[in-house]
Every structure is written in structure tokens, then in C-alpha cells.
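Data file: model29.cif. Format and content: mmCIF, C-alpha atoms.
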```cif
data_upload
#
loop_
_atom_site.group_PDB
_atom_site.id
_atom_site.type_symbol
_atom_site.label_atom_id
_atom_site.label_comp_id
_atom_site.auth_asym_id
_atom_site.auth_seq_id
_atom_site.Cartn_x
_atom_site.Cartn_y
_atom_site.Cartn_z
ATOM 1 C CA MET A 1137 19.777 -12.585 -11.288
ATOM 2 C CA ILE A 1138 21.555 -15.142 -9.163
ATOM 3 C CA GLU A 1139 20.584 -18.697 -8.309
ATOM 4 C CA HIS A 1140 20.985 -20.047 -4.801
ATOM 5 C CA PHE A 1141 19.888 -23.584 -3.875
ATOM 6 C CA GLY A 1142 17.723 -23.599 -6.963
ATOM 7 C CA LYS A 1143 16.028 -20.314 -6.094
ATOM 8 C CA ARG A 1144 16.309 -17.347 -8.465
ATOM 9 C CA ILE A 1145 17.005 -14.062 -6.671
ATOM 10 C CA PRO A 1146 16.933 -10.711 -8.533
ATOM 11 C CA THR A 1147 19.794 -8.337 -7.827
ATOM 12 C CA THR A 1148 18.763 -5.261 -9.831
ATOM 13 C CA LEU A 1149 15.660 -3.085 -9.849
ATOM 14 C CA GLU A 1150 15.045 -3.994 -13.473
ATOM 15 C CA GLU A 1151 14.890 -7.669 -12.520
ATOM 16 C CA LEU A 1152 12.752 -6.937 -9.464
ATOM 17 C CA VAL A 1153 9.975 -4.965 -11.156
ATOM 18 C CA ARG A 1154 9.580 -6.784 -14.462
ATOM 19 C CA PRO A 1155 6.029 -5.858 -15.546
ATOM 20 C CA GLU A 1156 4.867 -9.441 -15.949
ATOM 21 C CA ASP A 1157 6.028 -10.313 -12.421
ATOM 22 C CA THR A 1158 4.920 -7.192 -10.544
ATOM 23 C CA ALA A 1159 1.862 -5.803 -8.812
ATOM 24 C CA VAL A 1160 1.399 -2.306 -7.413
ATOM 25 C CA ILE A 1161 -0.475 -2.370 -4.119
ATOM 26 C CA VAL A 1162 -2.147 0.949 -3.263
ATOM 27 C CA VAL A 1163 -2.835 0.915 0.478
ATOM 28 C CA ASP A 1164 -5.575 3.038 2.054
ATOM 29 C CA VAL A 1165 -5.330 6.207 -0.068
ATOM 30 C CA GLN A 1166 -8.889 7.031 0.973
ATOM 31 C CA ASN A 1167 -10.783 10.234 1.618
ATOM 32 C CA ASP A 1168 -10.948 9.815 5.394
ATOM 33 C CA PHE A 1169 -7.172 9.383 5.602
ATOM 34 C CA CYS A 1170 -5.931 11.714 2.879
ATOM 35 C CA THR A 1171 -8.270 14.718 2.800
ATOM 36 C CA LYS A 1172 -9.191 17.513 5.160
ATOM 37 C CA GLU A 1173 -11.877 20.088 4.435
ATOM 38 C CA GLY A 1174 -12.056 18.823 0.867
ATOM 39 C CA LYS A 1175 -8.327 19.123 0.145
ATOM 40 C CA LEU A 1176 -5.602 16.497 -0.060
ATOM 41 C CA THR A 1177 -3.335 16.372 2.976
ATOM 42 C CA CYS A 1178 -0.596 14.647 0.971
ATOM 43 C CA PRO A 1179 -0.786 16.175 -2.531
ATOM 44 C CA GLU A 1180 2.870 15.614 -3.428
ATOM 45 C CA MET A 1181 2.697 11.933 -2.574
ATOM 46 C CA VAL A 1182 -0.580 11.465 -4.472
ATOM 47 C CA THR A 1183 0.900 13.172 -7.552
ATOM 48 C CA LYS A 1184 3.875 10.803 -7.510
ATOM 49 C CA LEU A 1185 1.598 7.838 -6.917
ATOM 50 C CA ARG A 1186 -0.679 8.837 -9.804
ATOM 51 C CA SER A 1187 2.322 8.859 -12.139
ATOM 52 C CA LEU A 1188 3.373 5.436 -10.865
ATOM 53 C CA ILE A 1189 -0.113 3.984 -11.337
ATOM 54 C CA GLU A 1190 -0.414 5.433 -14.842
ATOM 55 C CA ALA A 1191 2.981 3.988 -15.778
ATOM 56 C CA ALA A 1192 1.971 0.625 -14.325
ATOM 57 C CA ARG A 1193 -1.133 0.559 -16.494
ATOM 58 C CA ARG A 1194 0.885 1.395 -19.616
ATOM 59 C CA ALA A 1195 3.291 -1.433 -18.799
ATOM 60 C CA LYS A 1196 0.394 -3.816 -18.013
ATOM 61 C CA VAL A 1197 1.452 -4.133 -14.389
ATOM 62 C CA LEU A 1198 -1.304 -5.398 -12.095
ATOM 63 C CA VAL A 1199 -2.759 -2.607 -9.911
ATOM 64 C CA ILE A 1200 -4.533 -3.553 -6.684
ATOM 65 C CA TYR A 1201 -6.315 -1.043 -4.475
ATOM 66 C CA ILE A 1202 -6.734 -1.745 -0.775
ATOM 67 C CA GLU A 1203 -9.594 -0.095 1.106
ATOM 68 C CA ASP A 1204 -9.435 -0.020 4.880
ATOM 69 C CA THR A 1205 -12.973 -0.702 6.069
ATOM 70 C CA LEU A 1206 -15.099 -0.377 9.195
ATOM 71 C CA LEU A 1207 -18.440 -2.160 9.478
ATOM 72 C CA PRO A 1208 -21.406 -0.438 11.184
ATOM 73 C CA ARG A 1209 -21.495 -0.627 14.996
ATOM 74 C CA ARG A 1210 -17.826 -1.611 14.868
ATOM 75 C CA MET A 1211 -18.802 -5.186 14.018
ATOM 76 C CA SER A 1212 -15.384 -5.649 12.389
ATOM 77 C CA ASP A 1213 -13.425 -4.329 15.399
ATOM 78 C CA SER A 1214 -12.223 -6.534 18.232
ATOM 79 C CA ALA A 1215 -11.492 -5.088 21.663
ATOM 80 C CA PRO A 1216 -7.695 -5.293 21.111
ATOM 81 C CA TRP A 1217 -8.116 -3.515 17.762
ATOM 82 C CA ILE A 1218 -10.024 -0.663 19.407
ATOM 83 C CA ARG A 1219 -7.379 -0.553 22.133
ATOM 84 C CA HIS A 1220 -4.645 -0.069 19.553
ATOM 85 C CA TYR A 1221 -6.446 3.029 18.267
ATOM 86 C CA MET A 1222 -6.858 4.292 21.824
ATOM 87 C CA ILE A 1223 -3.118 4.001 22.414
ATOM 88 C CA GLY A 1224 -2.411 5.966 19.243
ATOM 89 C CA MET A 1225 -4.782 8.692 20.415
ATOM 90 C CA GLN A 1226 -3.461 8.564 23.988
ATOM 91 C CA THR A 1227 -6.939 8.163 25.434
ATOM 92 C CA ASN A 1228 -8.726 5.771 27.777
ATOM 93 C CA ASP A 1229 -12.086 6.599 26.217
ATOM 94 C CA PRO A 1230 -12.992 4.347 23.250
ATOM 95 C CA ARG A 1231 -15.740 6.785 22.308
ATOM 96 C CA ARG A 1232 -13.052 9.183 21.123
ATOM 97 C CA VAL A 1233 -11.945 6.737 18.422
ATOM 98 C CA LYS A 1234 -13.309 8.150 15.179
ATOM 99 C CA GLU A 1235 -15.433 5.959 12.924
ATOM 100 C CA SER A 1236 -13.303 6.366 9.805
ATOM 101 C CA VAL A 1237 -13.746 4.557 6.466
ATOM 102 C CA LEU A 1238 -17.233 3.313 7.311
ATOM 103 C CA ASP A 1239 -18.253 0.728 4.725
ATOM 104 C CA GLY A 1240 -20.069 2.394 1.805
ATOM 105 C CA SER A 1241 -19.276 5.945 2.870
ATOM 106 C CA TRP A 1242 -17.538 8.703 0.909
ATOM 107 C CA GLY A 1243 -14.680 8.530 3.399
ATOM 108 C CA GLN A 1244 -13.999 4.906 2.494
ATOM 109 C CA GLN A 1245 -13.571 5.709 -1.194
ATOM 110 C CA VAL A 1246 -10.183 6.108 -2.859
ATOM 111 C CA VAL A 1247 -9.342 9.781 -3.488
ATOM 112 C CA ASP A 1248 -10.468 11.117 -6.872
ATOM 113 C CA ASP A 1249 -6.931 11.764 -8.108
ATOM 114 C CA ILE A 1250 -6.179 8.039 -8.346
ATOM 115 C CA LYS A 1251 -9.632 6.502 -8.735
ATOM 116 C CA PRO A 1252 -9.575 2.803 -9.665
ATOM 117 C CA LEU A 1253 -10.487 1.855 -13.211
ATOM 118 C CA PRO A 1254 -12.930 -0.962 -13.961
ATOM 119 C CA GLU A 1255 -10.071 -3.375 -14.674
ATOM 120 C CA ASP A 1256 -8.321 -2.664 -11.377
ATOM 121 C CA ILE A 1257 -8.809 -4.904 -8.364
ATOM 122 C CA ILE A 1258 -10.273 -3.513 -5.116
ATOM 123 C CA ILE A 1259 -9.882 -5.398 -1.847
ATOM 124 C CA LYS A 1260 -11.410 -4.442 1.478
ATOM 125 C CA LYS A 1261 -9.403 -5.072 4.626
ATOM 126 C CA PHE A 1262 -10.225 -4.811 8.310
ATOM 127 C CA ARG A 1263 -6.740 -4.809 9.867
ATOM 128 C CA SER A 1264 -3.360 -3.177 9.197
ATOM 129 C CA SER A 1265 -1.992 -5.812 6.849
ATOM 130 C CA SER A 1266 -3.554 -6.050 3.404
ATOM 131 C CA PHE A 1267 -3.020 -9.813 3.613
ATOM 132 C CA LEU A 1268 -4.846 -10.573 6.855
ATOM 133 C CA GLY A 1269 -8.309 -11.979 6.152
ATOM 134 C CA THR A 1270 -8.295 -10.919 2.481
ATOM 135 C CA PRO A 1271 -7.836 -12.697 -0.886
ATOM 136 C CA LEU A 1272 -4.732 -10.648 -1.726
ATOM 137 C CA ASP A 1273 -2.284 -13.564 -1.573
ATOM 138 C CA LEU A 1274 -4.585 -15.736 -3.698
ATOM 139 C CA ILE A 1275 -4.874 -12.995 -6.333
ATOM 140 C CA LEU A 1276 -1.115 -12.437 -6.436
ATOM 141 C CA ARG A 1277 -0.372 -16.142 -6.771
ATOM 142 C CA SER A 1278 -3.126 -16.621 -9.359
ATOM 143 C CA ASN A 1279 -1.472 -13.971 -11.521
ATOM 144 C CA HIS A 1280 2.082 -15.298 -11.073
ATOM 145 C CA ILE A 1281 3.232 -12.195 -9.202
ATOM 146 C CA LYS A 1282 6.699 -12.269 -7.671
ATOM 147 C CA THR A 1283 7.212 -8.632 -6.640
ATOM 148 C CA THR A 1284 4.937 -6.251 -4.745
ATOM 149 C CA VAL A 1285 5.424 -2.504 -5.058
ATOM 150 C CA VAL A 1286 3.871 -1.284 -1.813
ATOM 151 C CA THR A 1287 2.529 2.281 -1.739
ATOM 152 C CA GLY A 1288 0.047 4.388 0.216
ATOM 153 C CA VAL A 1289 -0.687 5.399 3.809
ATOM 154 C CA VAL A 1290 0.285 5.403 6.547
ATOM 155 C CA THR A 1291 3.943 4.518 6.290
ATOM 156 C CA HIS A 1292 4.393 3.243 9.842
ATOM 157 C CA GLY A 1293 0.987 1.532 9.915
ATOM 158 C CA CYS A 1294 -0.763 -0.294 7.119
ATOM 159 C CA VAL A 1295 2.035 0.242 4.580
ATOM 160 C CA GLU A 1296 4.673 -1.319 6.816
ATOM 161 C CA SER A 1297 2.338 -4.115 7.928
ATOM 162 C CA THR A 1298 1.533 -4.963 4.311
ATOM 163 C CA ALA A 1299 5.188 -4.862 3.264
ATOM 164 C CA ARG A 1300 6.204 -7.083 6.173
ATOM 165 C CA ASP A 1301 3.599 -9.738 5.366
ATOM 166 C CA ALA A 1302 4.343 -9.529 1.650
ATOM 167 C CA SER A 1303 8.029 -10.171 2.283
ATOM 168 C CA ASN A 1304 7.280 -13.695 3.524
ATOM 169 C CA GLU A 1305 6.636 -14.853 -0.046
ATOM 170 C CA TYR A 1306 7.188 -11.872 -2.379
ATOM 171 C CA PHE A 1307 9.958 -9.439 -3.162
ATOM 172 C CA VAL A 1308 9.054 -6.024 -1.750
ATOM 173 C CA VAL A 1309 9.845 -2.674 -3.351
ATOM 174 C CA VAL A 1310 8.817 0.522 -1.556
ATOM 175 C CA PRO A 1311 8.893 3.773 -3.576
ATOM 176 C CA GLU A 1312 9.743 6.186 -0.772
ATOM 177 C CA ASP A 1313 7.960 9.141 -2.398
ATOM 178 C CA CYS A 1314 4.733 7.143 -2.833
ATOM 179 C CA VAL A 1315 4.170 6.491 0.868
ATOM 180 C CA TRP A 1316 3.071 9.031 3.465
ATOM 181 C CA ALA A 1317 2.204 9.594 7.103
ATOM 182 C CA GLY A 1318 0.920 12.678 8.872
ATOM 183 C CA LYS A 1319 3.680 12.325 11.474
ATOM 184 C CA PRO A 1320 7.019 12.909 9.697
ATOM 185 C CA GLU A 1321 9.065 11.474 12.551
ATOM 186 C CA LEU A 1322 7.240 8.130 12.336
ATOM 187 C CA HIS A 1323 7.323 8.181 8.523
ATOM 188 C CA ASN A 1324 11.092 8.695 8.496
ATOM 189 C CA ALA A 1325 11.735 6.165 11.253
ATOM 190 C CA CYS A 1326 9.734 3.542 9.395
ATOM 191 C CA LEU A 1327 11.565 4.198 6.130
ATOM 192 C CA THR A 1328 14.840 3.679 7.993
ATOM 193 C CA ILE A 1329 13.600 0.307 9.210
ATOM 194 C CA MET A 1330 12.277 -0.717 5.799
ATOM 195 C CA ARG A 1331 15.569 0.175 4.089
ATOM 196 C CA ASN A 1332 17.130 -2.572 6.178
ATOM 197 C CA ARG A 1333 14.560 -5.131 5.003
ATOM 198 C CA TYR A 1334 13.340 -4.234 1.504
ATOM 199 C CA ASP A 1335 14.305 -2.378 -1.656
ATOM 200 C CA VAL A 1336 13.392 1.257 -0.934
ATOM 201 C CA VAL A 1337 13.791 3.372 -4.077
ATOM 202 C CA LYS A 1338 12.502 6.525 -5.765
ATOM 203 C CA SER A 1339 9.430 6.141 -7.948
ATOM 204 C CA GLU A 1340 11.230 7.746 -10.881
ATOM 205 C CA ASP A 1341 13.622 4.777 -10.962
ATOM 206 C CA ILE A 1342 10.689 2.360 -11.270
ATOM 207 C CA LEU A 1343 9.147 4.546 -14.002
ATOM 208 C CA ALA A 1344 12.397 4.504 -15.957
ATOM 209 C CA THR A 1345 12.576 0.728 -15.691
ATOM 210 C CA TRP A 1346 9.028 0.256 -16.987
ATOM 211 C CA LYS A 1347 9.640 2.765 -19.771
ATOM 212 C CA ARG A 1348 12.620 0.742 -20.963
ATOM 213 C CA ALA A 1349 10.529 -2.412 -20.835
ATOM 214 C CA LEU A 1350 8.101 -0.881 -23.345
ATOM 215 C CA LEU A 1351 10.793 -0.098 -25.915
#
```

Please rewrite the model in this file as C-alpha cells.
Amino acid sequence: MIEHFGKRIPTTLEELVRPEDTAVIVVDVQNDFCTKEGKLTCPEMVTKLRSLIEAARRAKVLVIYIEDTLLPRRMSDSAPWIRHYMIGMQTNDPRRVKESVLDGSWGQQVVDDIKPLPEDIIIKKFRSSSFLGTPLDLILRSNHIKTTVVTGVVTHGCVESTARDASNEYFVVVPEDCVWAGKPELHNACLTIMRNRYDVVKSEDILATWKRALL
């Protein structure tokens, strides 16, 4: 830990992810995004993420689940927001934009492998960043959180948007094996960008740090 102009800056992973200072943010690991025909599309990532979440609970690290959400009749979608989906799909027809994660649907729910527990926090969001229009910042500040461990899907979308907004006021750690995107080229490109902005590590290194903290 170093001090610069009265501000304390961690320099090691152990300092960054101290259990009492850290929250794990699980972004959009929902049925509509992570399953196809009843099977996980990212089983390796979910397995790693489950281990991270279980270790966080043992270490009493705050776990926060983010649920991307769509209101009926697209009441939560602006025209620019629909346009951004159209660009991603390379279409000029907004009717082709799938109604994913409809509020209250099975598709909106977190996948069974990492279901939230009663003590976990669940926050609905309506845009890419988990901070925009949500109480996430208030909850983090209320619990004296200094570091966010950002996980989930998709790497180049809601994960990166959440990490970028978090970095304004929080240290950001991204476990590279606990994020995923269906397009490997975008996943890898985004990780390259994030390595130049945040601490991108392997989840096993975070697990080892929390294990030592329990000794």
C-alpha cells in the first residue's frame, strides 16, 4: 500500500481484494444470455464463477447479482437503445431485436448453477452499465466497499461498461476466466483493453488470497 497526496493506493492483489473492502459483482449471468436448448453456453466460465462466489461467501465478501431487464412493450427501451441492438444484429428492422430477459420471465433469472442466496443482493438494470439508474453505487458506499470484482457476461458489453463506471470511484479487478462472450474475438479484444486499465487476473489468484485471509 502506498500513500499519494493523502490517498491510499493498493499495490498488491492481497491489498486490493481484502474481504472487508470487496464486493463481487455478477453481471447478467441469466438464462436468456447463457443457455441454449436447456444447456449452458459457457459452462467453463460458470464453473469458475461458482467457485469464486462460494469462496466469496466463505470469506464474507459481499456478492451482488445484476439482472439485465426488459419491461413489457419495451417500456424501458429508448429509440437509441433499440438502435444499438440493431447495429449489433446488422439489421434495419427493429422487429428482429429479440425480447430477451423480459421482467419476471425464466429467461431473466440467474442460471441455476449460481443461484443467488437469500442474503445476496439482486439489482435490476436497464442499460449496459450496472451503475446507470440503479442503487449499486449507494449499496457499495453504504457497505464501505473499495474494490469491485467484476464478473459475468458479455465481456465487451455489460461487463466492460460496469467495470468502466466502477473505476471512477472503486478499484476494479477482473478475473479473466469469470467473464465470457459468445464472440471470442470481441472477448479477447476487450480483455486486452481492460488489462491497460484495471487489474485483470486469474480467479485462482483471488481464491488463494481469500483462503489466506481466513487462516

Residues near Ser1264 (chain A), cut-off 7 Å, all atoms listed in the file, skip fewer than 2 positions along chain, as JSON, numbers by chain: {"A": [1266, 1293, 1294, 1297]}

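Residues matched by the PyMOL selection byres ((chain A and resi 1261) around 9) in this file are A:Ile1202, A:Glu1203, A:Asp1204, A:Thr1205, A:Leu1206, A:Ile1259, A:Lys1260, A:Phe1262, A:Arg1263, A:Ser1264, A:Ser1265, A:Ser1266, A:Phe1267, A:Leu1268, A:Gly1269, A:Thr1270.
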
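Compared by their closest atoms to Ile1342 (chain A), and using all atoms listed in the file, the residues A:Asn1279, A:Cys1170, A:Pro1230, A:Pro1311 rank with A:Pro1311 nearest.
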
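Matched in the shown structure by the PyMOL selection byres ((chain A and resi 1283) around 9): Leu1152, Val1153, Arg1154, Asp1157, Thr1158, Ala1159, Val1160, Ile1281, Lys1282, Thr1284, Val1285, Ala1302, Tyr1306, Phe1307, Val1308 and Val1309 of chain A.
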
If you keep C-alpha atoms, can you produce a file of those selected residues as a tab-separated table (two decimals), in the frame of the given file?
```tsv
chain	number	residue	atom	x	y	z
A	1152	LEU	CA	12.75	-6.94	-9.46
A	1153	VAL	CA	9.98	-4.96	-11.16
A	1154	ARG	CA	9.58	-6.78	-14.46
A	1157	ASP	CA	6.03	-10.31	-12.42
A	1158	THR	CA	4.92	-7.19	-10.54
A	1159	ALA	CA	1.86	-5.80	-8.81
A	1160	VAL	CA	1.40	-2.31	-7.41
A	1281	ILE	CA	3.23	-12.20	-9.20
A	1282	LYS	CA	6.70	-12.27	-7.67
A	1284	THR	CA	4.94	-6.25	-4.74
A	1285	VAL	CA	5.42	-2.50	-5.06
A	1302	ALA	CA	4.34	-9.53	1.65
A	1306	TYR	CA	7.19	-11.87	-2.38
A	1307	PHE	CA	9.96	-9.44	-3.16
A	1308	VAL	CA	9.05	-6.02	-1.75
A	1309	VAL	CA	9.85	-2.67	-3.35
```

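Taking CA of Ser1303 (chain A) and CA of Lys1338 (chain A) as endpoints, the distance between them is 19.1 Å.
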
Protein, DNA and RNA residues within 9 Å of (2.1, -15.1, -2.4), only C-alpha atoms, as a list in words: Leu1272, Asp1273, Leu1274, Ile1275, Leu1276, Arg1277, Ser1278, His1280, Ile1281, Lys1282, Ala1302, Asn1304, Glu1305 and Tyr1306 of chain A

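Residue selection for this entry, given the PyMOL selection byres ((chain A and resi 1208-1215) around 8), comprises A:Leu1206, A:Leu1207, A:Pro1216, A:Trp1217, A:Ile1218, A:Arg1219, A:Leu1238, A:Asp1239, A:Phe1262.
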
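With all atoms listed in the file as the atoms that count, the residue of A:Met1330, A:Leu1322, A:Arg1348, A:Ile1258 with the shortest distance to Ile1200 (chain A) is A:Ile1258.
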
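All polymer residues at most 12 Å from (-11.5, 6.7, 16.2), using only C-alpha atoms, appear as Asp1168, Phe1169, Leu1206, Arg1210, Asp1213, Trp1217, Ile1218, Arg1219, His1220, Tyr1221, Met1222, Ile1223, Gly1224, Met1225, Gln1226, Thr1227, Asn1228, Asp1229, Pro1230, Arg1231, Arg1232, Val1233, Lys1234, Glu1235, Ser1236, Val1237 and Leu1238 of chain A.
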
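When only C-alpha atoms are used to measure the gap to Gln1166 (chain A), the shortest distance among A:Gly1318, A:Gly1288, A:Gly1142, A:Pro1254 belongs to A:Gly1288.
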
Leu1176 (chain A) environment, 12 Å, all atoms listed in the file, sequence neighbours closer than 3 positions dropped, as a list in words: Val1165, Gln1166, Asn1167, Asp1168, Phe1169, Cys1170, Thr1171, Lys1172, Glu1173, Pro1179, Glu1180, Met1181, Val1182, Thr1183, Val1246, Val1247, Asp1248, Asp1249, Ile1250, Trp1316 and Gly1318 of chain A

Size and centre in Å, one decimal, axis-aligned box, all listed region 1228-1236 of chain A atoms plus 6 Å per side, as JSON:
```
{"center_x": -12.2, "center_y": 6.8, "center_z": 18.8, "size_x": 19.0, "size_y": 16.8, "size_z": 30.0}
```

Selected residue, from A:Ile1329, A:Leu1253, A:Val1290, A:Ala1195, that lies nearest to Thr1345 (chain A) when counting only C-alpha atoms: A:Ala1195

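For the pair CA of Pro1320 (chain A) and CA of Cys1178 (chain A), the separation is 11.7 Å.
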
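With all atoms listed in the file as the atoms that count, the minimum distance from Thr1291 (chain A) to the choices A:Lys1184, A:Val1163, A:Glu1139, A:Gly1243 is reached by A:Val1163.
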
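Using all atoms listed in the file, the nearest neighbour of Asp1256 (chain A) within the list A:Val1289, A:Leu1188, A:Glu1156, A:Val1197 is A:Val1197.
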
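Separating CA of Asp1164 (chain A) from CA of Gln1245 (chain A) is a distance of 9.0 Å.
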